[in-house]
Amino acid sequence: MPNQRPLLQLHADIDARVHAIRGNRPDWLCSKGCANCCRHLAEIPQLSAAEWQWLQEGLAALPAEQLQAIRQRMTALTSQSSRPVVCPMLDQASNACLVYAHRPVACRTYGFYVQRELGLYCGDIEARVDGGMLTDVVWGNHDAVDQRLTGLGESRALTAWFGA
């Protein structure tokens with residue numbers, strides 16, 4: 001069983017960066033109800049062993065019918081070859097993450113961290129950057145986050161962890 005302390009410290013560091021950006025930008029695009037990133041995943045998310053253990057706690061707290069619906073979407077996702085991918089933990093009616101407090105690091109950093117040679121991922125935010133509207137934002141370094149994730153155990157696709 002992976003030690004959760006390094007993952008929780010990483011969450012705290014990410015949350016501090018997100019809070020700083022949102023504090024300076026109350027009109028930030030990434031907020032409750034957006035879900036653009038959740039509906040347009042390029043691939044099935046990869047999670048470290050520590051992230052999977054953390055996510056399992058969030059899944060265990062869900063009502064049985066929500067967990068069953070996630071299982072069904074996860075199973076369907078294993079055979080889906082088309083892209084983009086819709087996150088199986090997204091409540092599509094409300095655009096809310098069913099496991100928000102336990103969401104993976106990739107979800108926590110999306111829209112607030114930049115990755116060398118891969119950009120910001122979010123087309124809406126990238127359009128604002130290209131328009132010169134976000135010159136004062138101090139982005140998080142996603143490459144550094146990825147490096148910290150390597151110390152949190154084996155990485156697998158969400159569907160593989162879920163056993164779908």
# chains A, B, ... in the order shown; residues from 1 in each chain; ligands from 1
$ closest_atom_pairs --of "segment 42-88 of chain A" --to "segment 102-106 of chain A" --cutoff "8 Å" --atoms "only C-alpha atoms" --output "Markdown table"
| residue | atom | partner | partner_atom | distance |
| --- | --- | --- | --- | --- |
| A:Pro45 | CA | A:Ala106 | CA | 7.7 |
| A:Leu47 | CA | A:Pro104 | CA | 6.8 |
| A:Glu51 | CA | A:Pro104 | CA | 6.0 |
| A:Trp52 | CA | A:Pro104 | CA | 8.0 |
| A:Trp54 | CA | A:His102 | CA | 6.0 |
| A:Leu55 | CA | A:His102 | CA | 5.1 |
| A:Glu57 | CA | A:His102 | CA | 7.4 |
| A:Gly58 | CA | A:His102 | CA | 5.4 |
$ write_last_selection --atoms "C-alpha atoms" --output "short mmCIF file (atom, residue, chain, number, x, y, z; two decimals), in the first residue's frame"
data_model
loop_
_atom_site.label_atom_id
_atom_site.label_comp_id
_atom_site.auth_asym_id
_atom_site.auth_seq_id
_atom_site.Cartn_x
_atom_site.Cartn_y
_atom_site.Cartn_z
CA PRO A 45 -5.99 8.98 -17.78
CA LEU A 47 -2.74 7.14 -12.46
CA GLU A 51 -3.46 8.14 -6.88
CA TRP A 52 -5.45 4.95 -7.43
CA TRP A 54 -6.72 7.83 -3.05
CA LEU A 55 -9.34 7.58 -5.78
CA GLU A 57 -11.53 6.17 -1.13
CA GLY A 58 -13.63 8.62 -3.12
#
$ residues_around --residues "Met133 of chain A" --least-positions-apart "4" --cutoff "12 Å" --atoms "only C-alpha atoms" --output "ChimeraX atom specification"
/A:25,27-28,124-129,137
$ residues_around --residues "Leu98 of chain A" --least-positions-apart "6" --cutoff "9 Å" --atoms "only C-alpha atoms" --output "PyMOL selection string"
chain A and resi 58-59+62+66+89-91
$ write_last_selection --atoms "all heavy atoms" --output "short mmCIF file (atom, residue, chain, number, x, y, z; two decimals), in the first residue's frame"
data_model
loop_
_atom_site.label_atom_id
_atom_site.label_comp_id
_atom_site.auth_asym_id
_atom_site.auth_seq_id
_atom_site.Cartn_x
_atom_site.Cartn_y
_atom_site.Cartn_z
N GLY A 58 -12.54 7.81 -2.60
CA GLY A 58 -13.63 8.62 -3.12
C GLY A 58 -14.72 7.77 -3.76
O GLY A 58 -15.92 8.03 -3.58
N LEU A 59 -14.31 6.75 -4.48
CA LEU A 59 -15.29 5.85 -5.10
C LEU A 59 -16.10 5.10 -4.05
O LEU A 59 -17.31 4.92 -4.19
CB LEU A 59 -14.58 4.86 -6.03
CG LEU A 59 -13.98 5.44 -7.30
CD1 LEU A 59 -13.03 4.45 -7.95
CD2 LEU A 59 -15.06 5.88 -8.27
N LEU A 62 -19.27 6.77 -2.73
CA LEU A 62 -20.40 7.03 -3.63
C LEU A 62 -21.56 6.08 -3.37
O LEU A 62 -21.35 4.93 -2.97
CB LEU A 62 -19.95 6.86 -5.09
CG LEU A 62 -18.95 7.86 -5.62
CD1 LEU A 62 -18.54 7.48 -7.05
CD2 LEU A 62 -19.50 9.27 -5.59
N GLN A 66 -24.41 5.16 -8.36
CA GLN A 66 -23.39 5.96 -9.05
C GLN A 66 -22.16 5.12 -9.35
O GLN A 66 -21.58 5.21 -10.43
CB GLN A 66 -23.01 7.19 -8.23
CG GLN A 66 -24.03 8.30 -8.28
CD GLN A 66 -23.57 9.53 -7.52
OE1 GLN A 66 -22.80 9.44 -6.56
NE2 GLN A 66 -24.05 10.67 -7.96
N MET A 89 -16.02 9.34 -14.63
CA MET A 89 -16.42 9.82 -13.31
C MET A 89 -17.12 11.17 -13.37
O MET A 89 -17.41 11.78 -12.35
CB MET A 89 -15.20 9.86 -12.39
CG MET A 89 -14.68 8.45 -12.13
SD MET A 89 -13.13 8.37 -11.23
CE MET A 89 -11.99 9.01 -12.43
N LEU A 90 -17.42 11.61 -14.59
CA LEU A 90 -18.13 12.87 -14.78
C LEU A 90 -19.64 12.62 -14.74
O LEU A 90 -20.14 11.75 -15.45
CB LEU A 90 -17.76 13.49 -16.14
CG LEU A 90 -18.51 14.76 -16.53
CD1 LEU A 90 -18.15 15.92 -15.60
CD2 LEU A 90 -18.21 15.12 -17.98
N ASP A 91 -20.33 13.37 -13.91
CA ASP A 91 -21.80 13.37 -13.95
C ASP A 91 -22.17 14.29 -15.10
O ASP A 91 -22.05 15.51 -14.99
CB ASP A 91 -22.37 13.88 -12.63
CG ASP A 91 -23.89 13.92 -12.63
OD1 ASP A 91 -24.50 14.00 -13.72
OD2 ASP A 91 -24.48 13.91 -11.54
#
$ closest_atom_pairs --of "segment 73-158 of chain A" --to "segment 11-14 of chain A" --cutoff "9 Å" --atoms "only C-alpha atoms" --output "Markdown table"
| residue | atom | partner | partner_atom | distance |
| --- | --- | --- | --- | --- |
| A:Val105 | CA | A:His11 | CA | 7.2 |
| A:Arg108 | CA | A:Ile14 | CA | 7.1 |
| A:Thr109 | CA | A:Ile14 | CA | 6.7 |
| A:Phe112 | CA | A:Ile14 | CA | 8.8 |
| A:Tyr113 | CA | A:Ile14 | CA | 8.8 |
| A:Gly140 | CA | A:Ile14 | CA | 7.9 |
| A:Val145 | CA | A:Ile14 | CA | 8.7 |
$ closest_residue --among "A:Asp15, A:Asp143, A:Glu43, A:Glu154" --to "Val86 of chain A" --atoms "only C-alpha atoms"
A:Glu43
$ select_by_dssp --residues "segment 44-163 of chain A" --states "alpha helix (DSSP H)" --output "ChimeraX atom specification"
/A:49-60,64-78,105-109,123-130,142-149,158-162
$ residues_around --residues "Gln46 of chain A" --least-positions-apart "6" --cutoff "8 Å" --atoms "only C-alpha atoms" --output "VMD selection string"
chain A and resid 155 to 158
$ write_last_selection --atoms "N, CA and C atoms" --output "compact mmCIF listing (two decimals), in the first residue's frame"
# COMPACT_ATOMS: atom_id res chain seq x y z
N SER A 155 2.48 3.32 -12.65
CA SER A 155 1.44 4.08 -13.34
C SER A 155 0.72 3.16 -14.32
N ARG A 156 -0.62 3.24 -14.29
CA ARG A 156 -1.46 2.45 -15.19
C ARG A 156 -2.62 3.30 -15.67
N ALA A 157 -3.24 2.84 -16.75
CA ALA A 157 -4.46 3.50 -17.21
C ALA A 157 -5.56 3.30 -16.17
N LEU A 158 -6.41 4.30 -16.04
CA LEU A 158 -7.53 4.23 -15.09
C LEU A 158 -8.33 2.94 -15.26
